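Comments concern the structure below.
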Amino acid sequence: MSLPVIIDAQALSSVAAGSGTGTYVRGLLGGLAECTDLSIAAPCRADVVLPPNVHRRTVHRWSQRPRAALMENALRLPLELAVRRPRHAVFHNPSFHAPPAVGQPYVQTLHDVIPLVFDSPDLQALRARWRRFTPRYRRAAAVIAVSRFSADEGIRVLGLDPGRVHVAHHGIDAAFVPSGTGPSDPPYLLTVGEFGLRKGTAEAFAVMDELVDAGFPHRLVVAGQVHDAGRADLAALHADARHPERIDLLGYVPDLVSLYQGASGFLGTSRYEGFGLPALEAMACGVPVVAFANSAVTEVVGTGGDLVPDGDVSAMAAALRRILENPDLADERRQAGLQHAAQFTWTRSATLHAEVYRAVAAS
């Protein structure tokens with residue numbers, strides 16, 4: 001008899017659809033569809049495309065503003081589960097917004113605790129909400145952390161029971177592969193991620209300034225969603241760069257594969273990550289990665305990229321210079337990244353999730 005598992009898929013029809021959470025939900029559902037002993041149901045809107053073998057539970061949400069939509073889902077979901085949840089079904093919330101008053105067995109994903117530990121003014125509103133979430137995480141029968149680093153932070157900061165915390169790394173979509181033609185001409189470097197002050201955008205611009213001053217012809221391409229609250233900060237950082245004319249701000253890009261494939265190198269300048277998927281996606285596309293050694297970045301990049309001291313702009317610029325000036329070294333770093341990224345699959349991630357579902361159902 002199949003174990004019923006309900007996974008909230010509202011992230012696929014909200015502002016989170018283009019974020020790391022949306023990528024996580026899509027990849028996880030696709031991997032779980034291969035687990036024949038599980039019966040997966042996904043509450044979501046009627047227009048969301050789901051993988052085969054994942055059953056839709058159509059729900060209606062009316063709020064359009066991002067925060068209001070999160071609050072509406074958090075309030076309505078427990079009521080819907082109370083009415084429509086099969087007996088002993090495992091409920092898994094893959095979003096950071098832990099819902100109140102959901103019955104057991106309940107599994108909660110922990111992406112990070114950034115608002116509670118990273119002192120940045122743009123996280124103030126999230127910080128207050130996270131203080132409300134903390135007891136909900138502690139009530140979960142199991143917490144699935146997306147990295148060992150996030151697991152340890154959850155235990156330290158949220159007071160989670162170590163025995164209930166499990167680690168399951170993200171996977172990489174099969175679309176992220178090398179192009180076969182190599183970097184684009186004219187050449188560019190790439191950084192990807194939703195804009196926020198912790199993302200190290202100022203450091204990325206400073207790295208680019210050093211490379212331009214050294215005579216490199218590359219541009220810096222910056223891809224990632226920019227919310228209205230961050231537009232002024234991004235514009236100010238761009239204006240302060242010595243060479244803003246060599247920096248292209250693309251905003252949200254729905255299909256990143258070709259953008260990765262054409263890059264000569266990837267800059268991982270984030271100062272704190274619970275996982276750090278863009279660096280892995282870049283490796284999977286055969287792009288040499290240089291990143292700051294901090295948080296989960298060190299764990300995720302591993303031996304697949306070059307790690308430099310956290311916040312050291314000159315060290316990052318020097319590492320990129322060595323790669324750009326030496327084709328043999330660049331090819332060596334591409335091969336190392338491809339080999340490392342191959343370890344991260346949604347099938348493997350889903351298998352680890354399924355083990356947690358079975359354990360909490362049995363207990």
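To be explicit about the labels: the chains of the structure tokens are called A, B, and onward in the order shown, and within each one the residues are counted from 1, while ligands get numbers from 1 in the order they are shown.
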Quiz prompt | Shell of 9 Å around segment 230-236 of chain A, only C-alpha atoms, local chain residues under 2 positions omitted, as a PyMOL selection string | solution = chain A and resi 122+195-197+201-202+226-228+238-241
Exercise. Considering only C-alpha atoms, return as a PyMOL selection string whatever protein or nucleic-acid residues lie within 10 Å of segment 169-180 of chain A, sequence-local ones (same chain, fewer than 4 positions apart) excluded.
Key: chain A and resi 20+23-24+26-28+30-31+144-148+255-258+260-262+275-278+280-287+300+334+338+341-350+352-353
Exercise. List every residue of segment 227-268 of chain A that DSSP, applied to the backbone, labels as strand (DSSP E), and write the result as a PyMOL selection string.
Key: chain A and resi 247-251+265-268
Practice problem: Write out as a PyMOL selection string all residues of segment 165-290 of chain A that DSSP puts in helix (DSSP H, G or I) for this structure's backbone. | Solution: chain A and resi 197-199+201-213+228-240+244-246+257-261+277-284
Exercise. Mind checking which residues fall within 10 Å of segment 203-217 of chain A, counting only C-alpha atoms, ignoring those fewer than 2 positions away in the same chain, and posting them as a ChimeraX atom specification?
Key: /A:186-191,199-201,219-220,222,237-238,240-244,246-247,267-271,311-318,320-321,324-325
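You will find atom CA of Ala101 of chain A at 22.2 Å from atom CA of Pro162 of chain A.
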Quiz item: Between atom CA of Leu116 of chain A and atom CA of His92 of chain A, what is the spacing in Å?
Solution: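 We find that atom CA of His92 of chain A and atom CA of Leu116 of chain A lie 23.0 Å from each other.
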Practice problem: Counting only C-alpha atoms, figure out which residue out of A:Glu194, A:Glu153, A:Asp112, A:Asp119 gets nearest to Val253 of chain A. | Solution: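 Looking only at the distances to Val253 of chain A, the closest residue turns out to be A:Glu194.
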Self-check item: Atomic separation - atom CA of Asp306 of chain A relative to atom CA of Ala291 of chain A, Å
Solution: 6.3 Å
Quiz item: Closest to Val48 of chain A among A:Ala354, A:Tyr252, A:Ala11, A:Ser19, using only C-alpha atoms?
Solution: A:Ala11
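Residues lying within 9 Å of Val107 of chain A, counting only C-alpha atoms and ignoring same-chain neighbours fewer than 2 positions away, are Val90, Phe91, His92, Asn93, Pro94, Gln104, Pro105, Thr109, Tyr137, Ala140, Ala141, Ala142, Val143, Ile144, Val356, Tyr357 and Val360 of chain A.
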Excluding same-chain residues fewer than 5 positions from segment 56-60 of chain A, what lies within 7 Å of it counting only C-alpha atoms, as a PDB file with all heavy atoms, in the first residue's frame?
ATOM      1  N   ALA A  41       0.574  13.941  -3.542  1.00  0.00           N
ATOM      2  CA  ALA A  41      -0.456  14.911  -3.885  1.00  0.00           C
ATOM      3  C   ALA A  41       0.108  16.309  -3.667  1.00  0.00           C
ATOM      4  O   ALA A  41       0.829  16.557  -2.689  1.00  0.00           O
ATOM      5  CB  ALA A  41      -1.709  14.715  -3.027  1.00  0.00           C
ATOM      6  N   ALA A  42      -0.209  17.230  -4.587  1.00  0.00           N
ATOM      7  CA  ALA A  42       0.339  18.579  -4.529  1.00  0.00           C
ATOM      8  C   ALA A  42      -0.783  19.611  -4.570  1.00  0.00           C
ATOM      9  O   ALA A  42      -1.384  19.823  -5.628  1.00  0.00           O
ATOM     10  CB  ALA A  42       1.303  18.811  -5.694  1.00  0.00           C
ATOM     11  N   PRO A  43      -1.103  20.256  -3.446  1.00  0.00           N
ATOM     12  CA  PRO A  43      -2.048  21.374  -3.478  1.00  0.00           C
ATOM     13  C   PRO A  43      -1.453  22.534  -4.274  1.00  0.00           C
ATOM     14  O   PRO A  43      -0.350  23.009  -3.984  1.00  0.00           O
ATOM     15  CB  PRO A  43      -2.194  21.761  -2.001  1.00  0.00           C
ATOM     16  CG  PRO A  43      -1.725  20.572  -1.231  1.00  0.00           C
ATOM     17  CD  PRO A  43      -0.655  19.946  -2.072  1.00  0.00           C
ATOM     18  N   CYS A  44      -2.166  22.976  -5.304  1.00  0.00           N
ATOM     19  CA  CYS A  44      -1.679  24.073  -6.147  1.00  0.00           C
ATOM     20  C   CYS A  44      -2.826  24.570  -7.018  1.00  0.00           C
ATOM     21  O   CYS A  44      -3.901  23.970  -7.048  1.00  0.00           O
ATOM     22  CB  CYS A  44      -0.515  23.618  -7.021  1.00  0.00           C
ATOM     23  SG  CYS A  44      -0.907  22.260  -8.148  1.00  0.00           S
ATOM     24  N   ARG A  45      -2.591  25.641  -7.742  1.00  0.00           N
ATOM     25  CA  ARG A  45      -3.601  26.167  -8.648  1.00  0.00           C
ATOM     26  C   ARG A  45      -3.743  25.269  -9.868  1.00  0.00           C
ATOM     27  O   ARG A  45      -2.852  24.485 -10.204  1.00  0.00           O
ATOM     28  CB  ARG A  45      -3.228  27.582  -9.093  1.00  0.00           C
ATOM     29  CG  ARG A  45      -3.405  28.611  -8.008  1.00  0.00           C
ATOM     30  CD  ARG A  45      -3.312  30.034  -8.495  1.00  0.00           C
ATOM     31  NE  ARG A  45      -2.553  30.237  -9.722  1.00  0.00           N
ATOM     32  CZ  ARG A  45      -1.978  31.393 -10.049  1.00  0.00           C
ATOM     33  NH1 ARG A  45      -2.054  32.419  -9.227  1.00  0.00           N
ATOM     34  NH2 ARG A  45      -1.314  31.523 -11.180  1.00  0.00           N
ATOM     35  N   ALA A  46      -4.859  25.435 -10.562  1.00  0.00           N
ATOM     36  CA  ALA A  46      -5.171  24.563 -11.699  1.00  0.00           C
ATOM     37  C   ALA A  46      -4.211  24.748 -12.864  1.00  0.00           C
ATOM     38  O   ALA A  46      -4.063  23.847 -13.695  1.00  0.00           O
ATOM     39  CB  ALA A  46      -6.602  24.814 -12.159  1.00  0.00           C
TER      40      ALA A  46
END
